[in-house]
Amino acid sequence: MAVVYSPSIIVHGGAGPIKDDSLAARLEGCKAAALTGWAILQQGGAALDAVEAAVVGLEDNPLFNAGTGSTLNSLGKIEMDAAIMEGHSLRAGAVAAVSGVKNPIKLARRVLEDGRHILLAGEGALLFARQIGFPECAPESLLVEGEKKRWQSKHGTVGAVAFDSAGRLAVATSTGGIFNKLPGRVGDSPLIGCGTYADDYGAVSCTGQGEAIMRLVLAKSAVDFLHEADDIEAQTAARMAIAHLEERLQSTGGIILIDRSGNIGYARDTT
Ligand code: ASP
């Protein structure tokens with residue numbers, strides 16, 4: 001008889017200071033997203049479906065910098081990044097600098113299922129969406145009033161990591177990127193190994209300054225900490241990764257992680 005594991009899920013709503021009074025509503029949004037994923041896991045569903053559903057919930061919540069509510073680039077336009085990955089199969093799909101789709105994580109999932117490529121960017125990602133009949137939206141429909149006004153807002157990605165009852169790990173990350181970025185800038189989130197990574201040892205989603213996270217290939221580094229020794233658990237690996245970011249590049253961020261036993265780890269050095 002197949003082993004039945006005890007599932008687990010963790011989500012994040014992005015690193016960085018919250019300059020308004022939205023903390024309670026953001027926590028509610030994270031909780032709702034985690035519960036959406038949890039319902040799938042409890043019914044014996046796949047970690048991959050759980051992380052996608054959790055991130056869709058966060059993308060649709062205008063408080064978070066992903067999907068609806070994404071931050072603006074230096075031209076005042078929204079360009080989004082997203083990636084999804086399954087640990088045991090190492091299947092991955094990602095989109096970068098994409099506009100005109102409501103849920104970039106769903107498009108990333110379609111890239112994963114398609115299987116020919118891992119990362120599609122900009123116009124090419126939109127062309128792929130059209131070819132597969134993926135629904136488009138007016139780019140302005142994702143722009144919320146608060147984001148127009150909140151020009152100081154810098155961070156806030158969303159992510160989910162899950163472990164299902166079959167022992168499978170998966171991760172999904174989605175972001176509007178960093179505020180005032182140059183058009184075409186791609187952050188860590190859609191780059192496999194940087195902001196998003198899963199194998200059969202662990203699954204990880206990062207948030208923070210993408211340029212620093214990329215230099216350290218942080219998500220893969222965190223999973224490598226788990227590979228290094230069997231007694232390093234999720235929480236230790238998460239702390240080690242954030243310490244590495246701080247010590248090596250004096251950068252700040254946050255990380256969520258689940259190891260192959262389903263243990264949850266998270267760490268951050270931002271407010
Ligand atoms: N890591 C994201 C990026 O650089 C931003 C964030 O996490 O807030 O695109």
# chains A, B, ... in the order shown; residues from 1 in each chain; ligands from 1
call {"tool": "residues_near_ligand", "arguments": {"ligand": "ligand 1", "cutoff": "9 Å", "atoms": "only C-alpha atoms and all ligand atoms", "output": "PyMOL selection string"}}
result
chain A and resi 13-16+65+80-81+154-158+174-179+181+185-190+195+206-214+253-254
call {"tool": "write_last_selection", "arguments": {"atoms": "N, CA, C and O atoms", "output": "CSV table (one decimal), in the first residue's frame"}}
result
chain,number,residue,atom,x,y,z
A,13,GLY,N,3.4,36.7,1.2
A,13,GLY,CA,2.8,37.8,0.5
A,13,GLY,C,3.8,38.9,0.2
A,13,GLY,O,3.5,40.1,-0.1
A,14,GLY,N,5.1,38.5,0.2
A,14,GLY,CA,6.2,39.5,-0.2
A,14,GLY,C,6.9,40.1,1.0
A,14,GLY,O,6.3,40.3,2.0
A,15,ALA,N,8.1,40.5,0.7
A,15,ALA,CA,9.0,41.1,1.7
A,15,ALA,C,8.9,42.6,1.6
A,15,ALA,O,8.5,43.1,0.6
A,16,GLY,N,9.3,43.2,2.7
A,16,GLY,CA,9.4,44.7,2.6
A,16,GLY,C,8.4,45.4,3.6
A,16,GLY,O,7.4,44.8,4.1
A,65,ASN,N,1.4,42.5,-4.7
A,65,ASN,CA,2.0,42.9,-5.9
A,65,ASN,C,2.2,41.7,-6.8
A,65,ASN,O,3.3,41.2,-7.0
A,80,MET,N,4.7,41.4,-15.6
A,80,MET,CA,4.7,40.4,-14.5
A,80,MET,C,5.6,39.2,-14.8
A,80,MET,O,5.8,38.8,-15.9
A,81,ASP,N,6.1,38.6,-13.7
A,81,ASP,CA,6.9,37.4,-13.7
A,81,ASP,C,6.2,36.3,-12.9
A,81,ASP,O,5.7,36.6,-11.8
A,154,LYS,N,7.8,49.3,-3.1
A,154,LYS,CA,8.9,48.6,-3.8
A,154,LYS,C,8.8,47.1,-4.0
A,154,LYS,O,9.0,46.6,-5.0
A,155,HIS,N,8.4,46.5,-2.9
A,155,HIS,CA,8.4,45.0,-2.9
A,155,HIS,C,7.1,44.4,-2.7
A,155,HIS,O,6.1,45.1,-2.5
A,156,GLY,N,7.0,43.1,-2.8
A,156,GLY,CA,5.8,42.4,-2.5
A,156,GLY,C,5.5,41.4,-3.6
A,156,GLY,O,4.7,41.7,-4.6
A,157,THR,N,6.1,40.2,-3.5
A,157,THR,CA,5.8,39.1,-4.4
A,157,THR,C,4.9,38.2,-3.7
A,157,THR,O,4.7,38.4,-2.5
A,158,VAL,N,4.3,37.2,-4.4
A,158,VAL,CA,3.6,36.2,-3.6
A,158,VAL,C,4.2,34.8,-4.0
A,158,VAL,O,4.7,34.6,-5.0
A,174,SER,N,4.8,34.4,-7.9
A,174,SER,CA,4.3,35.4,-8.9
A,174,SER,C,4.5,36.8,-8.4
A,174,SER,O,4.4,37.1,-7.2
A,175,THR,N,4.8,37.7,-9.3
A,175,THR,CA,5.2,39.1,-8.9
A,175,THR,C,4.9,40.1,-10.0
A,175,THR,O,5.0,39.8,-11.2
A,176,GLY,N,4.7,41.3,-9.6
A,176,GLY,CA,4.7,42.5,-10.5
A,176,GLY,C,6.2,43.0,-10.6
A,176,GLY,O,6.4,43.9,-11.3
A,177,GLY,N,7.1,42.4,-9.8
A,177,GLY,CA,8.5,42.8,-9.8
A,177,GLY,C,8.7,44.0,-8.9
A,177,GLY,O,8.0,44.2,-8.0
A,178,ILE,N,9.8,44.7,-9.1
A,178,ILE,CA,10.0,45.9,-8.3
A,178,ILE,C,9.6,47.2,-8.9
A,178,ILE,O,9.6,47.3,-10.1
A,179,PHE,N,9.2,48.1,-8.1
A,179,PHE,CA,8.6,49.3,-8.5
A,179,PHE,C,9.6,50.1,-9.4
A,179,PHE,O,10.8,50.2,-9.0
A,181,LYS,N,10.9,49.6,-12.2
A,181,LYS,CA,11.9,48.8,-12.9
A,181,LYS,C,12.0,49.3,-14.4
A,181,LYS,O,11.0,49.8,-14.9
A,185,ARG,N,12.8,44.4,-17.6
A,185,ARG,CA,13.5,43.8,-16.5
A,185,ARG,C,12.8,42.5,-16.0
A,185,ARG,O,11.6,42.5,-15.8
A,186,VAL,N,13.6,41.5,-15.8
A,186,VAL,CA,13.1,40.2,-15.3
A,186,VAL,C,13.7,40.0,-13.9
A,186,VAL,O,15.0,40.1,-13.8
A,187,GLY,N,12.9,39.7,-12.9
A,187,GLY,CA,13.5,39.4,-11.6
A,187,GLY,C,13.8,38.0,-11.4
A,187,GLY,O,13.9,37.1,-12.3
A,188,ASP,N,14.0,37.6,-10.1
A,188,ASP,CA,14.3,36.3,-9.7
A,188,ASP,C,13.2,35.3,-9.8
A,188,ASP,O,13.4,34.1,-10.0
A,189,SER,N,12.0,35.8,-9.6
A,189,SER,CA,10.8,34.9,-9.4
A,189,SER,C,10.6,33.9,-10.6
A,189,SER,O,10.4,32.7,-10.3
A,190,PRO,N,10.7,34.3,-11.9
A,190,PRO,CA,10.5,33.3,-12.9
A,190,PRO,C,11.8,32.5,-13.3
A,190,PRO,O,11.7,31.6,-14.1
A,195,GLY,N,14.4,32.6,-7.7
A,195,GLY,CA,13.3,32.9,-6.8
A,195,GLY,C,12.4,31.7,-6.5
A,195,GLY,O,11.6,31.7,-5.6
A,206,CYS,N,11.2,32.6,-2.9
A,206,CYS,CA,11.9,33.7,-2.3
A,206,CYS,C,11.2,35.0,-2.6
A,206,CYS,O,10.4,35.2,-3.6
A,207,THR,N,11.4,36.0,-1.8
A,207,THR,CA,11.0,37.4,-2.1
A,207,THR,C,12.1,38.4,-1.6
A,207,THR,O,12.8,38.0,-0.6
A,208,GLY,N,12.2,39.5,-2.2
A,208,GLY,CA,13.2,40.5,-1.9
A,208,GLY,C,13.8,41.1,-3.2
A,208,GLY,O,13.2,40.9,-4.2
A,209,GLN,N,14.9,41.7,-3.1
A,209,GLN,CA,15.5,42.3,-4.3
A,209,GLN,C,16.0,41.2,-5.2
A,209,GLN,O,17.0,40.5,-4.9
A,210,GLY,N,15.3,41.2,-6.3
A,210,GLY,CA,15.6,40.1,-7.3
A,210,GLY,C,17.1,40.0,-7.7
A,210,GLY,O,17.6,38.9,-7.9
A,211,GLU,N,17.7,41.2,-7.9
A,211,GLU,CA,19.1,41.2,-8.4
A,211,GLU,C,20.0,40.5,-7.4
A,211,GLU,O,21.0,39.9,-7.8
A,212,ALA,N,19.7,40.7,-6.1
A,212,ALA,CA,20.6,40.0,-5.1
A,212,ALA,C,20.3,38.5,-5.1
A,212,ALA,O,21.2,37.6,-5.1
A,213,ILE,N,19.0,38.2,-5.1
A,213,ILE,CA,18.6,36.7,-5.1
A,213,ILE,C,19.1,36.0,-6.3
A,213,ILE,O,19.6,34.8,-6.1
A,214,MET,N,19.1,36.6,-7.4
A,214,MET,CA,19.7,36.0,-8.6
A,214,MET,C,21.2,35.7,-8.5
A,214,MET,O,21.7,34.6,-8.9
A,253,GLY,N,15.5,40.0,2.6
A,253,GLY,CA,14.4,39.3,1.9
A,253,GLY,C,13.7,38.3,2.7
A,253,GLY,O,13.9,38.3,4.0
A,254,GLY,N,12.9,37.5,2.1
A,254,GLY,CA,12.2,36.4,2.8
A,254,GLY,C,12.2,35.2,2.0
A,254,GLY,O,12.4,35.2,0.8
call {"tool": "residues_around", "arguments": {"residues": "Gly184 in chain A", "least_positions_apart": "4", "cutoff": "10 Å", "atoms": "only C-alpha atoms", "output": "list in words"}}
result
Asn73, Glu79, Met80, Ala96, Ala97, Val98, Ala121 and Gly122 of chain A
call {"tool": "write_last_selection", "arguments": {"atoms": "C-alpha atoms", "output": "CSV table (one decimal), in the first residue's frame"}}
result
chain,number,residue,atom,x,y,z
A,73,ASN,CA,7.6,49.9,-14.2
A,79,GLU,CA,5.0,43.6,-16.5
A,80,MET,CA,4.7,40.4,-14.5
A,96,ALA,CA,8.5,36.8,-17.6
A,97,ALA,CA,7.8,40.5,-18.3
A,98,VAL,CA,4.3,39.5,-19.4
A,121,ALA,CA,9.0,36.2,-22.0
A,122,GLY,CA,7.1,39.3,-23.1
call {"tool": "closest_residue", "arguments": {"among": "A:Val204, A:Leu119, A:Val4, A:Ile105", "to": "Gly87 in chain A", "atoms": "only C-alpha atoms"}}
result
A:Val204
call {"tool": "residues_around", "arguments": {"residues": "Glu28 in chain A", "least_positions_apart": "3", "cutoff": "12 Å", "atoms": "only C-alpha atoms", "output": "number ranges by chain"}}
result
A: 11-13, 22-25, 31-35, 57-58, 61, 63-64
call {"tool": "write_last_selection", "arguments": {"atoms": "C-alpha atoms", "output": "PDB file, in the first residue's frame"}}
result
ATOM      1  CA  VAL A  11       2.439  30.977   1.484  1.00  0.00           C
ATOM      2  CA  HIS A  12       4.055  34.427   1.479  1.00  0.00           C
ATOM      3  CA  GLY A  13       2.799  37.833   0.465  1.00  0.00           C
ATOM      4  CA  SER A  22      -3.254  46.962   5.320  1.00  0.00           C
ATOM      5  CA  LEU A  23      -1.330  44.428   7.427  1.00  0.00           C
ATOM      6  CA  ALA A  24      -4.414  42.702   8.884  1.00  0.00           C
ATOM      7  CA  ALA A  25      -6.088  42.476   5.469  1.00  0.00           C
ATOM      8  CA  LYS A  31      -4.591  32.843   5.236  1.00  0.00           C
ATOM      9  CA  ALA A  32      -7.344  32.526   2.627  1.00  0.00           C
ATOM     10  CA  ALA A  33      -4.790  31.553  -0.028  1.00  0.00           C
ATOM     11  CA  ALA A  34      -3.187  28.955   2.241  1.00  0.00           C
ATOM     12  CA  LEU A  35      -6.623  27.500   3.043  1.00  0.00           C
ATOM     13  CA  GLY A  57      -5.899  33.699  -4.780  1.00  0.00           C
ATOM     14  CA  LEU A  58      -3.019  36.054  -3.989  1.00  0.00           C
ATOM     15  CA  ASN A  61      -6.162  40.069  -4.237  1.00  0.00           C
ATOM     16  CA  LEU A  63      -3.320  44.156  -1.925  1.00  0.00           C
ATOM     17  CA  PHE A  64      -0.475  42.031  -3.251  1.00  0.00           C
TER      18      PHE A  64
END
call {"tool": "closest_residue", "arguments": {"among": "A:Val95, A:Val171, A:Leu143, A:Val223", "to": "Val55 in chain A", "atoms": "only C-alpha atoms"}}
result
A:Val171
call {"tool": "closest_residue", "arguments": {"among": "A:Val111, A:Ile255, A:Val217, A:Leu142", "to": "Ala92 in chain A", "atoms": "only C-alpha atoms"}}
result
A:Val111
call {"tool": "atom_distance", "arguments": {"atom1": "CA of Thr236 in chain A", "atom2": "CA of Pro17 in chain A"}}
result
24.1 Å
call {"tool": "residues_around", "arguments": {"residues": "His117 in chain A", "least_positions_apart": "5", "cutoff": "12 Å", "atoms": "only C-alpha atoms", "output": "list of chain:residue names"}}
result
A:Arg91, A:Ala92, A:Gly93, A:Ala94, A:Val95, A:Ala108, A:Arg109, A:Arg110, A:Val111, A:Leu112, A:Gly124, A:Ala125, A:Phe128
call {"tool": "select_by_dssp", "arguments": {"residues": "range 29-142 of chain A", "states": "strand (DSSP E or B)", "output": "ChimeraX atom specification"}}
result
/A:80-86,92-98,119-121
call {"tool": "residues_around", "arguments": {"residues": "range 164-170 of chain A", "least_positions_apart": "2", "cutoff": "10 Å", "atoms": "only C-alpha atoms", "output": "VMD selection string"}}
result
chain A and resid 2 to 9 38 40 to 52 84 to 92 160 to 162 172 196 to 205 258 to 262
call {"tool": "select_by_dssp", "arguments": {"residues": "range 17-261 of chain A", "states": "alpha helix (DSSP H)", "output": "PyMOL selection string"}}
result
chain A and resi 23-42+47-60+104-114+122-131+145-149+210-215+218-228+234-249
